[in-house]
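*Asks:* You'll find input-v6.txt just under this line, and it carries compact mmCIF, C-alpha atoms.
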# COMPACT_ATOMS: atom_id res chain seq x y z
CA MET A 624 1.22 32.44 17.97
CA PRO A 625 3.21 29.59 16.36
CA PHE A 626 1.63 26.14 16.16
CA ALA A 627 2.49 22.75 14.71
CA ILE A 628 0.81 21.01 11.79
CA THR A 629 0.51 17.31 12.54
CA MET A 630 0.26 14.27 10.29
CA PRO A 631 -3.48 13.93 9.60
CA LYS A 632 -5.39 10.66 9.85
CA LEU A 633 -6.73 10.34 6.30
CA SER A 634 -8.15 6.82 6.50
CA PRO A 635 -9.58 4.64 9.28
CA THR A 636 -6.65 2.22 9.13
CA MET A 637 -3.91 4.82 8.75
CA GLU A 638 -1.28 4.79 11.51
CA GLU A 639 1.47 6.66 9.69
CA GLY A 640 1.89 8.46 6.40
CA THR A 641 4.67 9.37 4.01
CA ILE A 642 5.00 12.89 2.63
CA ALA A 643 4.82 12.32 -1.12
CA LYS A 644 5.00 16.03 -1.97
CA TRP A 645 5.12 19.42 -0.26
CA HIS A 646 3.13 22.06 -2.17
CA VAL A 647 4.72 24.88 -0.14
CA LEU A 648 8.23 25.89 0.93
CA GLU A 649 9.64 27.30 4.15
CA GLY A 650 8.82 31.00 4.28
CA ASP A 651 5.68 30.72 2.12
CA LEU A 652 2.47 32.39 3.23
CA VAL A 653 -0.43 29.92 3.15
CA LYS A 654 -4.13 30.54 3.42
CA SER A 655 -6.85 28.45 5.02
CA GLY A 656 -7.97 25.78 2.56
CA GLN A 657 -4.74 25.84 0.55
CA VAL A 658 -3.24 22.43 -0.30
CA LEU A 659 -0.17 21.86 1.85
CA ILE A 660 0.94 18.30 1.23
CA GLU A 661 0.22 15.10 -0.63
CA VAL A 662 0.33 12.14 1.73
CA ALA A 663 0.96 8.53 0.69
CA THR A 664 -1.28 6.59 3.06
CA ASP A 665 -1.88 2.88 3.39
CA LYS A 666 -4.48 3.17 0.61
CA ALA A 667 -3.73 6.05 -1.76
CA ASN A 668 -2.13 9.46 -2.17
CA LEU A 669 -4.38 12.10 -0.63
CA GLU A 670 -4.10 15.89 -0.46
CA TYR A 671 -4.30 17.73 2.86
CA GLN A 672 -5.32 21.38 3.14
CA ALA A 673 -4.33 24.00 5.69
CA LEU A 674 -6.94 24.62 8.36
CA ASP A 675 -5.42 27.97 9.39
CA GLY A 676 -3.28 30.49 7.57
CA GLY A 677 0.21 31.72 8.34
CA TYR A 678 3.85 31.45 7.29
CA ILE A 679 5.58 28.07 6.93
CA ARG A 680 8.44 28.59 9.38
CA LYS A 681 9.86 25.08 9.57
CA ILE A 682 9.28 21.82 7.69
CA LEU A 683 9.99 18.96 10.09
CA VAL A 684 9.28 15.99 7.80
CA GLU A 685 10.72 16.21 4.30
CA GLU A 686 9.39 14.56 1.14
CA ASN A 687 9.62 10.75 1.12
CA GLN A 688 9.93 10.71 4.90
CA SER A 689 7.29 9.20 7.19
CA ALA A 690 5.61 10.27 10.39
CA LYS A 691 3.03 8.71 12.65
CA VAL A 692 -0.48 10.13 12.84
CA ASN A 693 -0.59 13.29 15.02
CA ASP A 694 3.19 13.72 14.93
CA PRO A 695 4.28 17.27 13.93
CA ILE A 696 5.34 17.72 10.31
CA ALA A 697 5.72 21.53 10.12
CA ILE A 698 5.43 24.75 12.14
CA ILE A 699 3.33 27.76 11.14
CA ALA A 700 3.57 31.25 12.61
CA GLU A 701 1.74 34.54 12.03
CA THR A 702 4.94 36.37 11.08
CA LEU A 703 8.37 35.48 9.75
CA ASP A 704 10.23 36.97 12.73
CA GLU A 705 8.18 35.31 15.47
CA SER A 706 10.23 32.91 17.61
CA ILE A 707 9.42 29.21 17.21
CA GLU A 708 12.04 27.83 19.61
CA ASN A 709 9.49 26.89 22.28
CA ILE A 710 7.42 24.99 19.72
CA LEU A 711 10.50 23.11 18.51
CA LEU A 712 11.38 22.13 22.07
CA ASP A 713 7.85 21.03 22.89
CA GLN A 714 7.33 18.86 19.81
CA LYS A 715 8.65 15.35 19.46
CA VAL A 716 9.13 14.12 15.93
CA SER A 717 9.19 10.35 15.44
CA THR A 718 10.21 9.97 11.83
CA PRO A 719 11.20 6.36 11.09
CA VAL A 720 14.75 5.85 9.90
CA GLU A 721 15.43 3.55 7.00
CA PRO A 722 17.57 0.63 8.21
CA GLU A 723 20.99 0.23 6.66
CA PRO A 724 21.65 -2.95 4.68
CA VAL A 725 23.31 -5.57 6.86
CA ALA A 726 26.80 -6.15 5.52
CA GLN A 727 27.85 -9.01 7.78
CA SER A 728 26.23 -11.68 9.84
CA GLU A 729 25.43 -10.21 13.22
CA GLU A 730 23.56 -11.49 16.22
CA LEU A 731 20.48 -9.31 16.27
CA PRO A 732 18.30 -8.94 19.36
CA THR A 733 15.11 -10.92 19.30
CA GLU A 734 11.99 -8.91 19.85
CA LYS A 735 8.77 -10.63 20.82
CA PRO A 736 6.11 -9.63 18.27
CA THR A 737 2.93 -8.12 19.56
CA ALA A 738 -0.14 -10.19 18.78
CA PRO A 739 -3.04 -8.29 17.25
CA ALA A 740 -5.58 -7.03 19.71
CA SER A 741 -9.17 -8.22 19.64
CA ALA A 742 -12.14 -7.14 21.67
CA SER A 743 -13.71 -10.58 21.19
CA TYR A 744 -10.97 -13.17 21.47
CA PRO A 745 -7.74 -13.51 23.46
CA ALA A 746 -4.64 -12.68 21.45
CA PRO A 747 -2.96 -15.84 20.10
CA GLN A 748 0.58 -16.64 21.12
CA PHE A 749 2.87 -16.26 18.12
CA THR A 750 6.26 -17.95 17.98
CA PRO A 751 8.82 -15.32 16.99
CA GLU A 752 11.00 -16.01 14.00
CA PRO A 753 14.68 -16.69 14.73
CA PRO A 754 17.00 -13.69 14.71
CA LEU A 755 18.97 -12.92 11.58
CA GLN A 756 22.14 -14.73 12.48
CA ARG A 757 24.13 -17.46 10.75
CA TYR A 758 22.51 -16.41 7.49
CA GLN A 759 25.87 -15.45 6.05
CA PHE A 760 29.19 -17.23 5.96
CA PRO A 761 31.91 -14.58 5.60
CA THR A 762 34.67 -17.21 5.65
CA TRP A 763 33.20 -19.04 2.65
CA LYS A 764 35.29 -19.05 -0.49
CA GLU A 765 34.26 -20.11 -3.95
CA GLU A 766 35.99 -23.26 -5.11
CA THR A 767 38.39 -22.75 -7.95
CA SER A 768 36.94 -23.17 -11.39
CA TYR A 769 40.12 -24.97 -12.53
CA VAL A 770 39.51 -28.55 -13.63
CA LYS A 771 42.37 -31.01 -13.31
CA ALA A 772 42.57 -33.10 -16.47
CA SER A 773 45.23 -35.09 -18.27
CA PRO A 774 46.65 -33.60 -21.51
CA LEU A 775 44.99 -36.38 -23.53
CA ALA A 776 41.63 -35.77 -21.86
CA LYS A 777 41.87 -32.03 -22.57
CA LYS A 778 42.70 -32.65 -26.24
CA MET A 779 39.88 -35.17 -26.70
CA ALA A 780 37.39 -32.89 -24.93
CA GLN A 781 38.34 -29.98 -27.19
CA GLU A 782 38.07 -32.04 -30.37
CA GLU A 783 34.74 -33.65 -29.43
CA GLY A 784 33.20 -30.57 -27.83
CA LEU A 785 32.88 -32.14 -24.38
CA ASP A 786 32.63 -30.23 -21.12
CA LEU A 787 35.26 -31.25 -18.56
CA TYR A 788 33.20 -29.55 -15.81
CA SER A 789 30.39 -32.09 -16.29
CA VAL A 790 32.36 -35.18 -15.29
CA GLN A 791 33.96 -36.42 -12.08
CA GLY A 792 37.60 -37.39 -12.56
CA THR A 793 38.77 -40.85 -11.49
CA GLY A 794 42.48 -40.24 -11.91
CA PRO A 795 44.95 -39.30 -9.14
CA GLY A 796 43.59 -36.47 -7.00
CA GLY A 797 40.35 -36.39 -9.01
CA THR A 798 42.05 -35.74 -12.34
CA VAL A 799 39.85 -36.25 -15.38
CA VAL A 800 41.38 -38.88 -17.63
CA ALA A 801 40.45 -40.07 -21.12
CA LYS A 802 38.16 -42.90 -19.97
CA ASP A 803 36.08 -40.44 -17.91
CA LEU A 804 35.02 -38.58 -21.06
CA SER A 805 32.45 -41.27 -21.87
CA PHE A 806 30.33 -39.69 -19.13
CA ALA A 807 30.93 -36.07 -20.18
CA GLN A 808 28.20 -33.87 -21.62
CA LYS A 809 28.37 -31.70 -24.69
CA ASN A 810 29.29 -28.10 -24.00
CA ALA A 811 25.94 -26.86 -25.29
CA LEU A 812 24.02 -29.20 -22.97
CA HIS A 813 25.79 -28.39 -19.75
CA SER A 814 24.12 -25.31 -18.27
CA PHE A 815 26.86 -24.72 -15.72
CA ALA A 816 29.73 -24.71 -18.16
CA LYS A 817 32.32 -22.00 -17.57
CA LYS A 818 30.02 -19.63 -15.71
CA ALA A 819 31.67 -16.83 -13.80
CA ALA A 820 32.01 -17.56 -10.09
CA PRO A 821 29.56 -15.59 -7.90
CA THR A 822 31.04 -12.80 -5.82
CA THR A 823 28.20 -12.36 -3.30
CA THR A 824 28.61 -14.11 0.04
CA PRO A 825 26.03 -16.90 0.51
CA GLY A 826 23.19 -15.85 2.77
CA SER A 827 23.68 -12.14 2.14
CA TYR A 828 20.62 -10.03 2.79
CA LYS A 829 19.41 -6.49 3.30
CA GLU A 830 16.48 -5.15 5.30
CA VAL A 831 14.03 -2.65 3.82
CA ALA A 832 11.26 -0.91 5.74
CA PRO A 833 7.82 -1.87 4.36
CA THR A 834 5.58 0.80 2.87
CA SER A 835 2.62 2.09 4.84
CA MET A 836 0.30 0.06 2.60
CA ARG A 837 2.33 -3.12 3.08
CA LYS A 838 2.29 -2.69 6.88
CA VAL A 839 -1.49 -2.42 6.93
CA ILE A 840 -1.87 -5.40 4.58
CA GLY A 841 0.32 -7.51 6.83
CA LYS A 842 -1.46 -6.47 10.02
CA ARG A 843 -4.98 -6.94 8.67
CA LEU A 844 -4.33 -10.30 7.02
CA GLN A 845 -2.49 -11.67 10.03
CA GLU A 846 -5.50 -10.75 12.15
CA SER A 847 -7.80 -12.27 9.53
CA LYS A 848 -6.04 -15.64 9.53
CA SER A 849 -5.63 -15.58 13.32
CA PHE A 850 -9.21 -14.85 14.30
CA ILE A 851 -11.48 -15.77 11.38
CA PRO A 852 -12.34 -19.48 11.00
CA HIS A 853 -11.80 -19.82 7.26
CA PHE A 854 -13.24 -22.65 5.22
CA TYR A 855 -12.82 -23.19 1.49
CA ILE A 856 -14.96 -24.43 -1.40
CA HIS A 857 -13.50 -25.13 -4.85
CA GLN A 858 -15.42 -25.37 -8.10
CA ASP A 859 -14.20 -26.05 -11.65
CA VAL A 860 -16.13 -24.08 -14.26
CA ASN A 861 -16.39 -24.87 -17.97
CA VAL A 862 -15.96 -21.45 -19.56
CA SER A 863 -15.79 -22.61 -23.17
CA SER A 864 -18.94 -20.64 -24.02
CA LEU A 865 -17.52 -17.58 -22.25
CA VAL A 866 -14.29 -17.81 -24.27
CA ALA A 867 -16.31 -18.09 -27.49
CA ILE A 868 -18.62 -15.18 -26.70
CA ARG A 869 -15.66 -12.96 -25.76
CA LYS A 870 -14.11 -13.73 -29.14
CA GLU A 871 -17.35 -12.81 -30.93
CA LEU A 872 -17.54 -9.53 -29.02
CA LYS A 873 -13.88 -8.78 -29.70
CA ASP A 874 -14.48 -9.28 -33.44
CA MET A 875 -17.13 -6.55 -33.13
CA ASP A 876 -14.70 -4.25 -31.24
CA VAL A 877 -16.39 -4.89 -27.89
CA LYS A 878 -13.69 -5.76 -25.38
CA LEU A 879 -14.74 -7.42 -22.14
CA THR A 880 -12.38 -9.20 -19.77
CA VAL A 881 -13.01 -12.51 -18.04
CA ASN A 882 -13.04 -10.56 -14.79
CA ASP A 883 -15.94 -8.43 -16.07
CA PHE A 884 -18.00 -11.60 -16.47
CA VAL A 885 -16.91 -12.87 -13.03
CA VAL A 886 -17.90 -9.60 -11.32
CA ARG A 887 -21.29 -9.63 -13.05
CA ALA A 888 -21.87 -13.30 -12.15
CA ALA A 889 -20.83 -12.73 -8.53
CA ALA A 890 -23.07 -9.67 -8.21
CA LEU A 891 -26.15 -11.56 -9.43
CA SER A 892 -25.27 -14.56 -7.24
CA LEU A 893 -24.90 -12.38 -4.14
CA LYS A 894 -28.36 -11.01 -4.85
CA GLN A 895 -29.72 -14.56 -4.77
CA HIS A 896 -27.66 -15.60 -1.73
CA PRO A 897 -27.59 -12.59 0.61
CA VAL A 898 -26.08 -14.62 3.48
CA VAL A 899 -22.76 -14.53 1.57
CA ASN A 900 -23.11 -10.76 1.11
CA SER A 901 -22.37 -10.31 4.79
CA GLY A 902 -19.77 -9.60 7.43
CA TYR A 903 -18.98 -10.00 11.11
CA ASN A 904 -18.58 -7.38 13.83
CA SER A 905 -16.08 -9.10 16.14
CA VAL A 906 -16.24 -6.28 18.70
CA GLU A 907 -19.97 -6.58 19.36
CA GLN A 908 -20.29 -10.20 18.23
CA LYS A 909 -22.92 -9.40 15.60
CA ILE A 910 -23.49 -10.56 12.03
CA ILE A 911 -23.60 -7.80 9.42
CA TYR A 912 -26.04 -8.23 6.55
CA PHE A 913 -25.12 -5.68 3.90
CA GLN A 914 -28.12 -4.12 2.22
CA THR A 915 -26.29 -3.36 -1.05
CA VAL A 916 -24.01 -5.45 -3.26
CA ASP A 917 -20.71 -3.54 -3.24
CA ILE A 918 -17.93 -5.65 -4.73
CA SER A 919 -14.29 -4.97 -3.90
CA VAL A 920 -11.91 -6.01 -6.68
CA ALA A 921 -8.27 -6.56 -5.76
CA VAL A 922 -5.78 -4.46 -7.75
CA THR A 923 -2.04 -5.07 -7.43
CA LEU A 924 0.21 -2.04 -7.00
CA PRO A 925 4.00 -1.84 -6.61
CA GLU A 926 3.44 -0.86 -2.96
CA GLY A 927 0.99 -3.67 -2.22
CA LEU A 928 -2.69 -4.36 -2.77
CA ILE A 929 -5.81 -2.21 -2.79
CA THR A 930 -9.46 -3.08 -3.39
CA PRO A 931 -11.47 -0.37 -5.18
CA ILE A 932 -15.21 -0.93 -4.89
CA ILE A 933 -17.97 -1.15 -7.48
CA ARG A 934 -21.10 0.07 -5.70
CA HIS A 935 -24.54 -1.41 -6.47
CA ALA A 936 -22.84 -3.95 -8.73
CA ASP A 937 -26.04 -5.99 -9.13
CA TYR A 938 -27.81 -3.04 -10.78
CA LYS A 939 -25.15 -2.42 -13.43
CA THR A 940 -24.75 -3.98 -16.86
CA ILE A 941 -21.56 -5.81 -17.74
CA GLY A 942 -20.56 -2.83 -19.91
CA GLN A 943 -20.99 -0.43 -17.00
CA LEU A 944 -19.06 -2.77 -14.69
CA SER A 945 -16.23 -3.07 -17.22
CA LEU A 946 -15.89 0.69 -17.70
CA GLU A 947 -16.07 1.47 -13.98
CA MET A 948 -13.51 -1.22 -13.13
CA LYS A 949 -11.05 0.17 -15.70
CA GLN A 950 -11.46 3.69 -14.30
CA LEU A 951 -11.03 2.55 -10.69
CA ALA A 952 -7.96 0.45 -11.54
CA GLN A 953 -6.38 3.41 -13.33
CA LYS A 954 -7.00 5.72 -10.37
CA ALA A 955 -5.63 3.09 -7.99
CA LYS A 956 -2.38 2.81 -9.96
CA GLN A 957 -2.08 6.62 -9.95
CA GLY A 958 -2.77 6.75 -6.20
CA LYS A 959 -5.79 8.97 -6.79
CA LEU A 960 -8.58 6.90 -5.24
CA GLN A 961 -10.83 8.77 -2.85
CA PRO A 962 -11.66 7.15 0.52
CA GLU A 963 -15.23 6.37 -0.53
CA GLU A 964 -13.85 4.45 -3.52
CA TYR A 965 -11.96 1.88 -1.44
CA GLN A 966 -13.51 1.94 2.05
CA GLY A 967 -16.31 -0.51 2.73
CA GLY A 968 -17.46 -3.22 0.36
CA SER A 969 -19.54 -6.31 1.06
CA PHE A 970 -17.62 -8.97 -0.92
CA THR A 971 -14.19 -9.25 -2.57
CA ILE A 972 -12.93 -10.82 -5.80
CA SER A 973 -9.24 -11.63 -6.24
CA ASN A 974 -8.28 -12.68 -9.77
CA LEU A 975 -4.83 -14.13 -10.56
CA GLY A 976 -5.97 -15.71 -13.81
CA MET A 977 -3.83 -13.35 -15.88
CA PHE A 978 -0.76 -15.00 -14.35
CA GLY A 979 -1.87 -18.46 -15.45
CA VAL A 980 -2.15 -20.00 -11.97
CA SER A 981 -4.16 -23.22 -11.72
CA ASP A 982 -5.49 -22.75 -8.20
CA PHE A 983 -5.16 -20.55 -5.13
CA VAL A 984 -7.14 -19.51 -2.06
CA ALA A 985 -7.51 -15.96 -0.76
CA VAL A 986 -7.58 -14.52 2.76
CA ILE A 987 -10.85 -12.90 3.85
CA ASN A 988 -10.87 -9.10 3.97
CA PRO A 989 -12.56 -8.24 7.30
CA PRO A 990 -15.22 -7.38 8.21
CA GLN A 991 -16.48 -9.13 5.06
CA SER A 992 -17.34 -12.81 5.42
CA ALA A 993 -16.21 -14.12 2.02
CA ILE A 994 -13.79 -13.65 -0.86
CA LEU A 995 -13.72 -15.34 -4.28
CA ALA A 996 -10.38 -16.40 -5.80
CA VAL A 997 -10.32 -16.71 -9.61
CA SER A 998 -7.64 -18.79 -11.31
CA GLY A 999 -6.51 -19.00 -14.92
CA ILE A 1000 -8.28 -20.66 -17.85
CA GLU A 1001 -6.76 -23.96 -18.99
CA GLU A 1002 -7.58 -26.29 -21.85
CA ARG A 1003 -8.42 -29.71 -20.37
CA PRO A 1004 -10.29 -32.83 -21.40
CA VAL A 1005 -13.72 -33.26 -19.81
CA VAL A 1006 -16.19 -36.13 -19.89
CA LYS A 1007 -19.66 -35.28 -21.21
CA ASN A 1008 -22.33 -37.87 -22.04
CA GLY A 1009 -19.75 -40.60 -21.77
CA LYS A 1010 -17.38 -38.96 -24.25
CA ILE A 1011 -14.19 -36.96 -23.81
CA TRP A 1012 -14.27 -33.39 -25.12
CA PRO A 1013 -11.74 -30.54 -24.99
CA ALA A 1014 -12.87 -27.65 -22.82
CA HIS A 1015 -11.68 -24.37 -21.34
CA MET A 1016 -11.75 -24.81 -17.57
CA MET A 1017 -11.33 -22.30 -14.76
CA ARG A 1018 -11.22 -22.92 -11.01
CA LEU A 1019 -13.06 -20.75 -8.48
CA SER A 1020 -12.22 -20.92 -4.77
CA LEU A 1021 -14.48 -19.39 -2.14
CA SER A 1022 -13.00 -18.52 1.26
CA ALA A 1023 -15.75 -17.97 3.83
CA ASP A 1024 -16.08 -17.08 7.52
CA HIS A 1025 -17.73 -20.02 9.28
CA ARG A 1026 -19.09 -17.72 11.98
CA VAL A 1027 -21.47 -16.32 9.36
CA VAL A 1028 -21.55 -18.62 6.33
CA ASP A 1029 -22.19 -22.37 6.51
CA GLY A 1030 -20.89 -24.86 3.99
CA MET A 1031 -24.32 -25.23 2.38
CA ASP A 1032 -24.59 -21.45 1.88
CA GLY A 1033 -21.15 -21.30 0.29
CA ALA A 1034 -21.86 -24.29 -1.94
CA LYS A 1035 -25.14 -22.82 -3.22
CA PHE A 1036 -23.45 -19.50 -3.94
CA ILE A 1037 -20.51 -20.90 -5.89
CA LYS A 1038 -22.78 -23.23 -7.88
CA THR A 1039 -24.87 -20.20 -8.88
CA VAL A 1040 -21.72 -18.39 -10.01
CA GLN A 1041 -20.79 -21.47 -12.02
CA LYS A 1042 -24.22 -21.54 -13.67
CA PHE A 1043 -23.93 -17.90 -14.75
CA LEU A 1044 -20.38 -18.31 -16.10
CA GLU A 1045 -21.29 -21.44 -18.04
CA ASN A 1046 -24.23 -19.57 -19.60
CA PRO A 1047 -22.55 -16.20 -20.23
CA SER A 1048 -25.17 -14.81 -22.63
CA VAL A 1049 -27.41 -14.23 -19.60
CA LEU A 1050 -24.76 -11.92 -18.16
CA LEU A 1051 -25.05 -9.63 -21.22
CA LEU A 1052 -28.70 -8.82 -20.48
Could you write out this file's structure as structure tokens?

*Replies:*
Amino acid sequence: MPFAITMPKLSPTMEEGTIAKWHVLEGDLVKSGQVLIEVATDKANLEYQALDGGYIRKILVEENQSAKVNDPIAIIAETLDESIENILLDQKVSTPVEPEPVAQSEELPTEKPTAPASASYPAPQFTPEPPLQRYQFPTWKEETSYVKASPLAKKMAQEEGLDLYSVQGTGPGGTVVAKDLSFAQKNALHSFAKKAAPTTTPGSYKEVAPTSMRKVIGKRLQESKSFIPHFYIHQDVNVSSLVAIRKELKDMDVKLTVNDFVVRAAALSLKQHPVVNSGYNSVEQKIIYFQTVDISVAVTLPEGLITPIIRHADYKTIGQLSLEMKQLAQKAKQGKLQPEEYQGGSFTISNLGMFGVSDFVAVINPPQSAILAVSGIEERPVVKNGKIWPAHMMRLSLSADHRVVDGMDGAKFIKTVQKFLENPSVLLL
């Protein structure tokens, strides 16, 4: 009897998946346990195996197409000549269609966004963004690049290397005359000199459907900022000793990143301040006290963001943390993380220091109650014992859920992290 294979739910947050690869073709005989597809979920690429055997009679969702969870993606039958018409009629496939780029300004219908549901709090009222209209101006025309100038002004500008585009003419009809050249810039200094006129209409845009991962990120973080009462604590850390010890280790072919030290410092600090190693169950209105220190570390991917987890981080040396983080980051970029490698976690670290940012705050990753944002290292003057000294400074920003963590708890935690990072030799033990 023919039956449909449906899009499996491969992660708790998955609502739809994209077929990254079919491992079988129409007409192939598959056996129970054989890998059928590779699905790009909101977290990673995961393989899905056949539960029952049979012939692949019809593939309903091709590679790089998406389907919602439990929507049919293929039809299997016991034989190749068995009719599947009834199955095709019964099934409803809801494969999203990629929107076409908008060529002209059109009045698009406004659609009231649905506020995220919550079992604990009423949904907030969101003000919808304006429709995409009046973004483009099809009647706009680029002004001519011709500059009206007197013959004498043109000759003087050519001889002296002056840019006629950089001066406003005071002659008849805006003509540039010789006396105007005293305000003209040199050709080399005027960045807009003789550039080709743009051909794209101002306000042009195109719409692209977000990836499954990006949809989940947007939904979860909107809910986080809507329902979680965030508060923030900032702390500048003098990491001059850390910079020096990293250089010493590098000279001995031991390569540790700043993030390795931050993860180690955070793990030991969470051990001392377990109230920060916590979460909140908004459905049952209960505080979650995690019994293990499992640190999620944000990794940026082309499709979005994922947070692989270092389990029992407080029990691992900095060398073990460094190696495990490299392996997890590599698997994340390859889309090969297993669910147990990114689901869960008691605390998150988001590091943008490699981009040289001076300061930023992060959004809490529920149900966790806190996240640590790590900025870049900057050389700055500091006052010590009444004297000014050069130092390598780094800013930490803790975002915490005030339903669980009080300001005093957050302050004690971040000061402990500071103490560890300013005395990095302790982190090597």

*Asks:* List the spatial neighbours of Gly796 of chain A as an MDAnalysis selection string - criterion: any atom at most 12 Å away, only C-alpha atoms, same-chain residues fewer than 2 positions off excluded.

*Replies:* chainID A and resid 770:773 791:794 798:800

*Asks:* Take the residues just selected and output them with C-alpha atoms as a JSON list (two decimals), in the coordinates of the input.

*Replies:*
[["chain", "number", "residue", "atom", "x", "y", "z"],
["A", 770, "VAL", "CA", 39.51, -28.55, -13.63],
["A", 771, "LYS", "CA", 42.37, -31.01, -13.31],
["A", 772, "ALA", "CA", 42.57, -33.10, -16.47],
["A", 773, "SER", "CA", 45.23, -35.09, -18.27],
["A", 791, "GLN", "CA", 33.96, -36.42, -12.08],
["A", 792, "GLY", "CA", 37.60, -37.39, -12.56],
["A", 793, "THR", "CA", 38.77, -40.85, -11.49],
["A", 794, "GLY", "CA", 42.48, -40.24, -11.91],
["A", 798, "THR", "CA", 42.05, -35.74, -12.34],
["A", 799, "VAL", "CA", 39.85, -36.25, -15.38],
["A", 800, "VAL", "CA", 41.38, -38.88, -17.63]]

*Asks:* Tell me which residues come within 12 Å of (0.3, 0.7, -4.0), as number ranges by chain, counting only C-alpha atoms in the file's coordinates.

*Replies:* A: 663-668, 833-840, 921-931, 952-960

*Asks:* Hey, which bits of segment 993-1048 of chain A sit within 7 Å of segment 854-875 of chain A, and for each residue what's the closest pair of atoms and how far apart in Å (one decimal), counting only C-alpha atoms, rows by chain and increasing number, as CSV?

*Replies:*
residue,atom,partner,partner_atom,distance
A:Ala1014,CA,A:Ser863,CA,5.8
A:His1015,CA,A:Ser863,CA,4.8
A:Met1016,CA,A:Asn861,CA,4.7
A:Met1017,CA,A:Val860,CA,5.1
A:Arg1018,CA,A:Asp859,CA,4.4
A:Leu1019,CA,A:Gln858,CA,5.2
A:Ser1020,CA,A:His857,CA,4.4
A:Leu1021,CA,A:Ile856,CA,5.1
A:Ser1022,CA,A:Tyr855,CA,4.7
A:Ala1023,CA,A:Phe854,CA,5.5
A:Asp1024,CA,A:Phe854,CA,6.7
A:His1025,CA,A:Phe854,CA,6.6
A:Ala1034,CA,A:Ile856,CA,6.9
A:Gln1041,CA,A:Val860,CA,5.8
A:Leu1044,CA,A:Val862,CA,6.4
A:Glu1045,CA,A:Val862,CA,5.5
A:Asn1046,CA,A:Ser864,CA,7.0
A:Pro1047,CA,A:Leu865,CA,5.6

*Asks:* What separation in Å, quoted to one decimal, exists between atom CA of Asn709 of chain A and atom CA of Gly677 of chain A?

*Replies:*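 According to the coordinates, atom CA of Asn709 of chain A and atom CA of Gly677 of chain A are separated by 17.4 Å.
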
*Asks:* Rank A:Phe1036, A:Phe850, A:Tyr965, A:Tyr938 by their smallest atom-to-atom distance to Ile987 of chain A, using all atoms listed in the file, and report the top residue only.

*Replies:* A:Phe850

*Asks:* Find the spatial neighbours of Lys1035 of chain A, counting all atoms listed in the file, within a cut-off of 12 Å - ignore same-chain residues fewer than 2 positions away - and output them as an MDAnalysis selection string.

*Replies:* chainID A and resid 856:858 892:893 895:899 1021 1028:1033 1037:1042

*Asks:* List the neighbours of Val916 of chain A out to 10 Å using all atoms listed in the file; skip same-chain residues closer than 2 positions along the sequence, and give me the result as a list in words.

*Replies:*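 Contacts, in chain order: Ala889, Ala890, Leu891, Leu893, Lys894, Pro897, Asn900, Ser901, Phe913, Gln914, Ile918, Ser919, Ile933, Arg934, His935, Ala936, Asp937, Tyr938, Gly968, Ser969 and Phe970 of chain A.
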
*Asks:* Atom CA of Arg887 of chain A and atom CA of Lys939 of chain A are how many Å apart?

*Replies:*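 According to the coordinates, atom CA of Arg887 of chain A and atom CA of Lys939 of chain A are separated by 8.2 Å.
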
*Asks:* Which neighbours of segment 695-707 of chain A fall inside 12 Å, counting all atoms listed in the file, when residues of the same chain fewer than 3 positions from it are skipped, and could you give them as a PyMOL selection string?

*Replies:* chain A and resi 624-631+639-642+645+647-655+659-660+662+673-686+688-692+710-718

*Asks:* Tell me, in Å to one decimal, how far atom CA of Leu1050 of chain A is from atom CA of Thr940 of chain A.

*Replies:*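 Atom CA of Leu1050 of chain A sits 8.0 Å away from atom CA of Thr940 of chain A.
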
*Asks:* Out of A:Asp694, A:Pro1004, A:Val1027, A:Leu995, which residue has the shortest atom-to-atom distance to Asp982 of chain A when counting all atoms listed in the file?

*Replies:*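 Nearest to Asp982 of chain A: A:Leu995.
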
*Asks:* Can you complete the atoms of segment 1036-1043 of chain A to N, CA and C atoms and list them as a short mmCIF file (atom, residue, chain, number, x, y, z; two decimals), keeping the file's coordinate frame?

*Replies:*
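Output below, filename out_25.cif:
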data_model
loop_
_atom_site.label_atom_id
_atom_site.label_comp_id
_atom_site.auth_asym_id
_atom_site.auth_seq_id
_atom_site.Cartn_x
_atom_site.Cartn_y
_atom_site.Cartn_z
N PHE A 1036 -23.93 -20.72 -3.29
CA PHE A 1036 -23.45 -19.50 -3.94
C PHE A 1036 -22.51 -19.82 -5.09
N ILE A 1037 -21.51 -20.66 -4.85
CA ILE A 1037 -20.51 -20.90 -5.89
C ILE A 1037 -21.10 -21.68 -7.05
N LYS A 1038 -22.11 -22.53 -6.79
CA LYS A 1038 -22.78 -23.23 -7.88
C LYS A 1038 -23.60 -22.25 -8.74
N THR A 1039 -24.15 -21.22 -8.12
CA THR A 1039 -24.87 -20.20 -8.88
C THR A 1039 -23.91 -19.41 -9.75
N VAL A 1040 -22.74 -19.07 -9.20
CA VAL A 1040 -21.72 -18.39 -10.01
C VAL A 1040 -21.32 -19.26 -11.19
N GLN A 1041 -21.14 -20.55 -10.95
CA GLN A 1041 -20.79 -21.47 -12.02
C GLN A 1041 -21.87 -21.47 -13.11
N LYS A 1042 -23.12 -21.51 -12.71
CA LYS A 1042 -24.22 -21.54 -13.67
C LYS A 1042 -24.21 -20.30 -14.56
N PHE A 1043 -23.98 -19.14 -13.97
CA PHE A 1043 -23.93 -17.90 -14.75
C PHE A 1043 -22.75 -17.92 -15.74
#
